[in-house]
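Q: Structure below; questions to follow.
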Amino acid sequence: MTRLSQYFLPTEREPPADAEAVSHILMVRAGLIRQVGSGLWSWLPAGWRVHQNVVQIVREEMNAIGGQEMLMPVLHPAEPWRRTGRYDIEELFKLKDRRGADLVLAMTNEEIVTGHVAAAVRSYRDLPLILYHFQTKERDEPRPRAGVLRTREFIMKDAYTFDRDREGLDAQYDKHVRAYDRMMDRVGLEWYRVESDVGMMGGFGAHEYMAPCAAGENDVVLAPGYAANLEVASAEAQPVELPPGGDQPEPVDTPGLTTVEEVSSALQVTHGGLLKAYPVVLESDEMKLVVVRGDHRVNEIKLALALGSEFRPAHRDEVAERIGPPGFIGPVGAQVEILLDQAVQPGAYVTGANQPDTHLRGVEPGRDFKFQSADVRTVVGGDTVNGAPIRIEPAIEVGNIFKLGTRFSEPLGATYLDEGGKEQLIWMGSYGFGPARAAAAAVEQYADEQGISWPRAIAPFDLELVVLGGEGSEERATADLLYEALQAAGFDTLYDDREANPGEKFADAELLGCPLRVTVGRKGLAEGRVEVQIRRGREPRSVPLEGAAEAIAEVWRGLP
RNA sequence: CGGGGCGUAGCGAAGCCUGGUAUCGCGCCGCCUUUGGGGGGCGGAGACCCCCGGUUCGAAUCCGGGCGCCCCGACCA
């Protein structure tokens with residue numbers, strides 16, 4: 001029973017002053033969400049219906065691969081978080097209870113679910129397991145943004161798998177790939193599954209499910225048969241034209257010229273004809289000099305992976321002491337190991353000379369300095385994968401799947417006894433999905449000038465029935481009957497029975513974006529018909545009033 | 001964490017520089033009218049001008065401090 005005259009759907013004619021992202025603007029205007037504080041949002045009734053629709057799809061697909069739904073608390077004792085080393089994460093909300101005991105607000109639930117499994121699982125016969133829940137997540141984000149796209153509190157489906165070994169984990173992971181593929185399809189999003197960073201938590205493999213849209217915070221790199229997060233993407237670089245080199249490097253005066261821009265224009269070489277040096281200090285305190293082409297940038301995630309260590313940029317005084325004057329450093333003569341990006345092809349380059357106000361021309365890697373090679377740069381437009389140029393698109397991360405290995409089972413003591421009676425660590429995976437982001441991504445992907453256009457699987461209502469005609473009119477009587485018929489035919493129907501002008505009703509209906517709008521008005525009734533507008537593309541149709549519900553069901557089946 | 005911007009009615013804005021009755025549009029309430037794309041008329045309600053302190057006869061406006069929010073970047077298990 002959803003009559004708009006009695007439903008809490010506060011629409012706004014103007015966008016909120018502080019909103020920029022399409023999903024932020026439209027979800028507020030359509031009356032789906034309201035802000036409570038920075039990164040804190042209420043879901044109003046219609047918005048919550050969308051959220052619930054996404055949740056139900058995710059639940060069904062998780063259950064289909066044998067997932068068992070449960071519920072864990074948001075408030076956790078600090079102790080297990082200390083044990084896994086995650087208590088120090090800055091984003092983790094920390095608090096104390098009245099006795100002064102340390103508590104945290106969970107950002108995920110590895111510690112707790114692994115605790116339960118550790119306590120209950122004894123034998124290899126108890127494995128494998130897929131446990132999941134939908135629960136509020138709390139993260140003290142440095143910068144919440146764009147409505148519900150990045151919030152401090154949100155609901156996430158997080159699933160955890162527990163297996164005997166790596167092969168078991170791989171199998172569970174593959175199941176989740178299939179389940180997630182189906183979820184994304186069913187929700188109705190355009191999406192990519194991309195290779196992603198395994199992050200600080202280590203791990204054995206990870207993918208992200210990305211929904212491309214303008215408001216996305218991530219960049220995905222795409223080529224035929226290839227999809228990766230820009231953070232980890234690899235591609236072949238465009239070759240650069242290099243000037244011929246001499247027998248040995250030749251010093252050139254470059255007073256005060258420290259940027260690639262300045263040096264390349266002063267010496268008349270392309271950016272790619274320069275080598276940039278990026279000194280870093282590893283966890284072991286060892287200093288290395290990372291060298292990339294002048295037109296490329298170091299990718300810190302790939303670099304950490306290549307170094308096998310976290311690192312920090314070297315301080316100026318360290319650079320001055322160990323290598324050369326900052327702004328003029330280069331690989332030739334540097335007293336540290338050189339890590340050369342693999343996109344640097346053989347040839348003669350311009351580099352810093354490790355002397356004030358001086359660069360070297362004609363530096364040839366190998367001949368003039370020794371190096372190790374690795375892929376440590378961020379790919380750029382123009383790069384290719386298997387000969388095909390890459391595309392780089394912004395996207396929202398809606399889901400992620402991650403092979404944890406024994407990262408949590410070890411500190412939390414989650415083990416089982418194998419057939420031989422030997423104690424073994426449990427192998428784990430974790431699998432997240434954000435219904436709010438899925439909803440916002442759908443808004444981003446399908447909105448037009450008039451407003452939202454929901455995929456039918458997650459729309460707040462299947463259709464909006466608009467009656468043109470006041471209390472007591474024939475149109476009203478007809479629409480009341482049609483409303484009953486549509487409900488009986490299984491449609492979730494929002495009935496706009498307000499005393500309002502046609503324009504207002506149409507505008508609100510298109511703003512909310514239900515897949516179909518059914519209009520009962522004088523014009524149509526004169527011909528014994530009601531109008532059916534397909535929201536996507538605003539395609540107008542009409543069906544006979546007689547048997548309208550069945551005819552509308554027919555249209556419904558053809559919708560995206 | 002660095003940079004930029006903004007807090008005035010439910011929403012969107014003006015007023016602030018140059019201190020003196022708080023203004024406009026939309027929305028809201030009542031009556032009338034209209035009923036196929038945010039229609040019209042008449043009447044009305046609604047504001048601790050973010051907070052605290054200071055200057056002043058007088059502060060939305062000037063000064064000091066605080067809080068909140070947004071955007072860009074950094075960060076993002």
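Quick note on naming: the chains in the structure tokens go A, B, ... in the order shown, residues restart at 1 in each chain, and ligands are numbered from 1 in order of appearance.
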Find the residues around B:A45 up to 12 Å (only C-alpha atoms (C1' of nucleotides) counted), leave out those fewer than 5 positions away in its own chain, and share them as a ChimeraX atom specification.
A: /B:9,28-30
Q: Can you work out which residues from chain A touch chain B at a cut-off of 10 Å (counting only C-alpha atoms (C1' of nucleotides)) and hand them back as a compact mmCIF listing (two decimals) with N, CA and C atoms, in the first residue's frame?
A:
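Just written: out_24.txt:
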```
# COMPACT_ATOMS: atom_id res chain seq x y z
N THR A 11 11.00 15.19 -2.02
CA THR A 11 11.81 15.55 -3.19
C THR A 11 12.16 17.04 -3.13
N GLU A 12 13.25 17.37 -3.78
CA GLU A 12 13.70 18.76 -3.84
C GLU A 12 13.81 19.18 -5.29
N ARG A 13 13.40 20.40 -5.53
CA ARG A 13 13.46 20.91 -6.88
C ARG A 13 14.88 21.33 -7.25
N GLU A 14 15.60 21.83 -6.27
CA GLU A 14 16.97 22.29 -6.54
C GLU A 14 17.99 21.36 -5.91
N PRO A 15 19.12 21.24 -6.54
CA PRO A 15 20.15 20.38 -5.95
C PRO A 15 20.72 21.02 -4.69
N PRO A 16 21.15 20.19 -3.72
CA PRO A 16 21.80 20.75 -2.54
C PRO A 16 23.03 21.55 -2.96
N ALA A 17 23.29 22.66 -2.28
CA ALA A 17 24.35 23.57 -2.70
C ALA A 17 25.73 22.91 -2.69
N ASP A 18 25.93 21.95 -1.79
CA ASP A 18 27.28 21.42 -1.62
C ASP A 18 27.51 20.12 -2.38
N ALA A 19 26.59 19.73 -3.23
CA ALA A 19 26.74 18.45 -3.92
C ALA A 19 27.34 18.64 -5.30
N GLU A 20 28.20 17.71 -5.70
CA GLU A 20 28.81 17.75 -7.01
C GLU A 20 28.51 16.49 -7.80
N ARG A 29 17.88 14.78 -4.06
CA ARG A 29 16.72 15.42 -4.67
C ARG A 29 15.52 14.47 -4.75
N GLY A 37 25.66 13.98 9.01
CA GLY A 37 26.94 14.61 9.32
C GLY A 37 27.89 14.22 8.21
N SER A 38 29.14 14.65 8.32
CA SER A 38 30.10 14.31 7.29
C SER A 38 30.26 12.79 7.19
N ARG A 86 46.09 -4.86 13.86
CA ARG A 86 45.26 -3.88 13.16
C ARG A 86 44.76 -2.77 14.08
N ILE A 89 45.64 0.86 13.01
CA ILE A 89 45.14 1.48 11.78
C ILE A 89 44.45 2.80 12.14
N GLU A 91 42.34 4.60 10.56
CA GLU A 91 40.91 4.72 10.23
C GLU A 91 40.02 4.01 11.24
N LEU A 92 40.63 3.22 12.13
CA LEU A 92 39.83 2.44 13.07
C LEU A 92 39.32 3.33 14.21
N MET A 107 35.73 -2.22 11.28
CA MET A 107 35.75 -1.82 9.88
C MET A 107 35.62 -3.05 8.98
N THR A 108 35.97 -4.22 9.51
CA THR A 108 35.64 -5.52 8.92
C THR A 108 35.61 -6.50 10.09
N GLU A 110 37.26 -9.82 10.34
CA GLU A 110 38.17 -10.97 10.34
C GLU A 110 38.47 -11.48 11.75
N ARG A 139 34.38 3.49 9.64
CA ARG A 139 35.76 3.85 9.28
C ARG A 139 35.93 5.36 9.41
N GLU A 141 37.19 7.84 8.00
CA GLU A 141 37.75 8.26 6.72
C GLU A 141 38.35 9.65 6.82
N PRO A 142 39.52 9.85 6.24
CA PRO A 142 40.07 11.21 6.23
C PRO A 142 39.20 12.16 5.42
N ARG A 143 38.59 11.65 4.39
CA ARG A 143 37.75 12.56 3.59
C ARG A 143 36.55 11.84 3.00
N ARG A 145 33.15 11.62 0.97
CA ARG A 145 32.79 12.46 -0.17
C ARG A 145 31.64 11.88 -0.99
N ALA A 146 31.05 12.76 -1.77
CA ALA A 146 30.09 12.36 -2.81
C ALA A 146 28.92 11.53 -2.30
N VAL A 198 47.11 -6.14 -3.44
CA VAL A 198 46.85 -6.97 -2.27
C VAL A 198 47.09 -6.18 -0.98
N GLY A 199 47.64 -4.99 -1.12
CA GLY A 199 47.69 -4.06 0.01
C GLY A 199 48.63 -4.48 1.12
N MET A 200 48.50 -3.72 2.21
CA MET A 200 49.36 -3.91 3.36
C MET A 200 49.11 -5.26 4.03
N MET A 201 47.93 -5.84 3.76
CA MET A 201 47.59 -7.08 4.46
C MET A 201 48.26 -8.28 3.83
N LEU A 468 -3.99 11.67 -13.37
CA LEU A 468 -4.23 13.09 -13.66
C LEU A 468 -5.72 13.33 -13.51
N GLY A 469 -6.09 14.06 -12.49
CA GLY A 469 -7.51 14.24 -12.22
C GLY A 469 -7.72 14.25 -10.73
N GLY A 470 -8.51 15.16 -10.27
CA GLY A 470 -8.68 15.36 -8.83
C GLY A 470 -9.61 14.35 -8.20
N GLU A 499 -2.88 15.57 -4.87
CA GLU A 499 -3.58 16.64 -5.58
C GLU A 499 -2.51 17.58 -6.11
N ALA A 500 -1.96 17.27 -7.27
CA ALA A 500 -0.88 18.10 -7.80
C ALA A 500 -1.04 18.21 -9.31
N ASN A 501 -0.35 19.16 -9.87
CA ASN A 501 -0.43 19.36 -11.31
C ASN A 501 0.33 18.26 -12.05
N PRO A 502 -0.11 18.00 -13.30
CA PRO A 502 0.53 16.94 -14.08
C PRO A 502 2.05 17.13 -14.16
N GLY A 503 2.49 18.33 -14.45
CA GLY A 503 3.92 18.56 -14.63
C GLY A 503 4.71 18.17 -13.39
N GLU A 504 4.15 18.50 -12.25
CA GLU A 504 4.82 18.20 -11.00
C GLU A 504 4.93 16.68 -10.80
N LYS A 505 3.85 16.00 -11.12
CA LYS A 505 3.85 14.54 -10.95
C LYS A 505 4.83 13.87 -11.91
N PHE A 506 4.82 14.32 -13.16
CA PHE A 506 5.74 13.73 -14.14
C PHE A 506 7.19 13.99 -13.75
N ALA A 507 7.45 15.21 -13.34
CA ALA A 507 8.83 15.56 -12.98
C ALA A 507 9.30 14.72 -11.80
N ASP A 508 8.44 14.56 -10.78
CA ASP A 508 8.83 13.76 -9.63
C ASP A 508 9.02 12.29 -9.99
N THR A 519 0.35 6.24 -16.74
CA THR A 519 -0.43 7.45 -16.57
C THR A 519 -1.89 7.21 -16.92
N VAL A 520 -2.77 7.56 -15.97
CA VAL A 520 -4.21 7.51 -16.24
C VAL A 520 -4.69 8.95 -16.33
N GLY A 521 -5.12 9.35 -17.53
CA GLY A 521 -5.55 10.73 -17.74
C GLY A 521 -6.72 10.79 -18.71
N ARG A 522 -7.27 11.96 -18.80
CA ARG A 522 -8.44 12.17 -19.63
C ARG A 522 -8.20 11.76 -21.09
N LYS A 523 -7.05 12.20 -21.63
CA LYS A 523 -6.75 11.94 -23.03
C LYS A 523 -6.74 10.44 -23.35
N GLY A 524 -6.04 9.70 -22.51
CA GLY A 524 -5.94 8.27 -22.75
C GLY A 524 -7.29 7.59 -22.58
```
Q: Using DSSP assignments from the backbone, pull out every residue in stretch 383-475 of chain A that falls under alpha helix (DSSP H) and give it to me as an NGL selection string.
A: :A and (409-412 or 435-446 or 474-475)
Q: Which residues, written as a compact mmCIF listing (two decimals) with N, CA and C atoms, in the first residue's frame, have at least one atom at most 8 Å from A:Trp427, with only C-alpha atoms (C1' of nucleotides) counted and residues fewer than 3 positions away on the same chain left out?
A:
```
# COMPACT_ATOMS: atom_id res chain seq x y z
N THR A 161 35.97 -17.09 4.02
CA THR A 161 36.05 -18.53 3.76
C THR A 161 37.18 -19.15 4.56
N PHE A 162 36.98 -20.40 4.91
CA PHE A 162 37.94 -21.14 5.75
C PHE A 162 38.19 -22.48 5.08
N ASP A 163 39.47 -22.72 4.76
CA ASP A 163 39.82 -23.93 4.03
C ASP A 163 41.06 -24.58 4.59
N ARG A 164 41.24 -25.83 4.17
CA ARG A 164 42.37 -26.62 4.66
C ARG A 164 43.69 -26.14 4.09
N ASP A 165 43.64 -25.68 2.86
CA ASP A 165 44.91 -25.37 2.21
C ASP A 165 44.70 -24.38 1.08
N ARG A 166 45.79 -24.12 0.43
CA ARG A 166 45.76 -23.14 -0.65
C ARG A 166 44.84 -23.54 -1.79
N GLY A 168 42.16 -25.34 -1.56
CA GLY A 168 40.79 -25.12 -1.10
C GLY A 168 40.41 -23.66 -1.20
N LEU A 169 41.33 -22.79 -0.80
CA LEU A 169 41.08 -21.35 -0.90
C LEU A 169 40.86 -20.94 -2.36
N LEU A 404 43.32 -14.14 1.61
CA LEU A 404 44.07 -13.73 2.79
C LEU A 404 45.20 -14.69 3.14
N GLY A 405 45.00 -15.97 2.81
CA GLY A 405 45.97 -16.97 3.27
C GLY A 405 45.86 -17.15 4.76
N THR A 406 46.99 -17.12 5.44
CA THR A 406 46.97 -17.38 6.89
C THR A 406 47.25 -16.11 7.69
N SER A 409 44.57 -16.34 10.47
CA SER A 409 44.47 -17.60 11.21
C SER A 409 45.71 -17.79 12.09
```
Q: I'd like the neighbourhood of A:Gly413 as a list in words, where a residue qualifies if any of its atoms comes within 10 Å (using only C-alpha atoms (C1' of nucleotides)), though same-chain residues fewer than 6 positions away should be ignored.
A: Thr114, Gly115, Val117, Ala118, Ala119, Thr406, Gln424, Leu425 and Ile426 of chain A
Q: Any chance you can output those residues with C-alpha atoms as a tab-separated table (two decimals), in the first residue's frame?
A:
```tsv
chain	number	residue	atom	x	y	z
A	114	THR	CA	38.16	-16.14	12.81
A	115	GLY	CA	37.85	-16.28	16.57
A	117	VAL	CA	36.06	-20.59	13.77
A	118	ALA	CA	39.22	-21.05	15.79
A	119	ALA	CA	37.13	-21.94	18.82
A	406	THR	CA	46.97	-17.38	6.89
A	424	GLN	CA	47.49	-27.02	10.31
A	425	LEU	CA	46.65	-23.37	9.79
A	426	ILE	CA	43.34	-22.57	8.18
```
Q: Considering only C-alpha atoms, state which residue in the set A:Gly216, A:Gly547, A:Gly273, A:Gly399 is at the smallest distance from A:Arg529.
A: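 The closest residue to A:Arg529 is A:Gly547.
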Q: Would you please work out which residue, of A:Lys94, A:His176, A:Arg49, A:Arg367, is nearest to A:Arg193 when using only C-alpha atoms?
A: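 The shortest atom-to-atom distance to A:Arg193 comes from A:His176.
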Q: For A:Phe328, please output as a tab-separated table (two decimals) with C-alpha atoms, in the first residue's frame all residues within 7 Å (counting only C-alpha atoms (C1' of nucleotides); exclusion window: fewer than 5 positions along the same chain).
A:
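Below is the file that was written, part.tsv:
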```
chain	number	residue	atom	x	y	z
A	258	THR	CA	65.60	20.90	-11.63
A	352	GLY	CA	71.28	14.45	-13.33
A	353	ALA	CA	75.06	14.55	-12.95
A	354	ASN	CA	75.22	14.43	-9.14
A	355	GLN	CA	76.96	17.80	-9.43
A	356	PRO	CA	75.33	21.17	-8.74
A	357	ASP	CA	73.67	22.81	-11.77
A	358	THR	CA	74.80	20.04	-14.08
A	359	HIS	CA	73.19	17.26	-16.10
```
Q: If you run DSSP on this backbone, which residues of stretch 262-455 of chain A come out as strand (DSSP E or B), and could you give them as a PyMOL selection string?
A: chain A and resi 274-282+287-293+297-298+311-313+337-341+349-352+358-363+365+369+372-374+377-378+384-385+388-389+391-405+415-417+423-425+427-433+448+451
Q: Can you tell me, as a list of chain:residue names, what residues are no more than 9 Å from B:U56 when counting only C-alpha atoms (C1' of nucleotides), ignoring any on the same chain fewer than 2 positions away?
A: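 Selected residues are B:G19, B:G58, B:A59.
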Q: If you count only C-alpha atoms (C1' of nucleotides), which residues fall within 9 Å of A:Gln238, apart from same-chain ones fewer than 5 positions away, as a PyMOL selection string?
A: chain A and resi 343+382-384
Q: Rounded to one decimal in Å, what is the spacing between atom CA of A:Cys514 and atom CA of A:Trp454?
A: 6.1 Å
Q: Figure out the distance between atom CA of A:Ala439 and atom CA of A:Val148, please, to one decimal in Å.
A: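 These two atoms are separated by 9.0 Å.
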Q: Between A:Val443, A:Gln487, A:Ala211, A:Gln372, which is the closest to A:Leu32 once you count only C-alpha atoms?
A: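 Checking each of A:Val443, A:Gln487, A:Ala211, A:Gln372 against A:Leu32, counting only C-alpha atoms, the winner is A:Val443.
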Q: Between atom CA of A:Asp418 and atom CA of A:Tyr124, what is the spacing in Å?
A: 5.3 Å
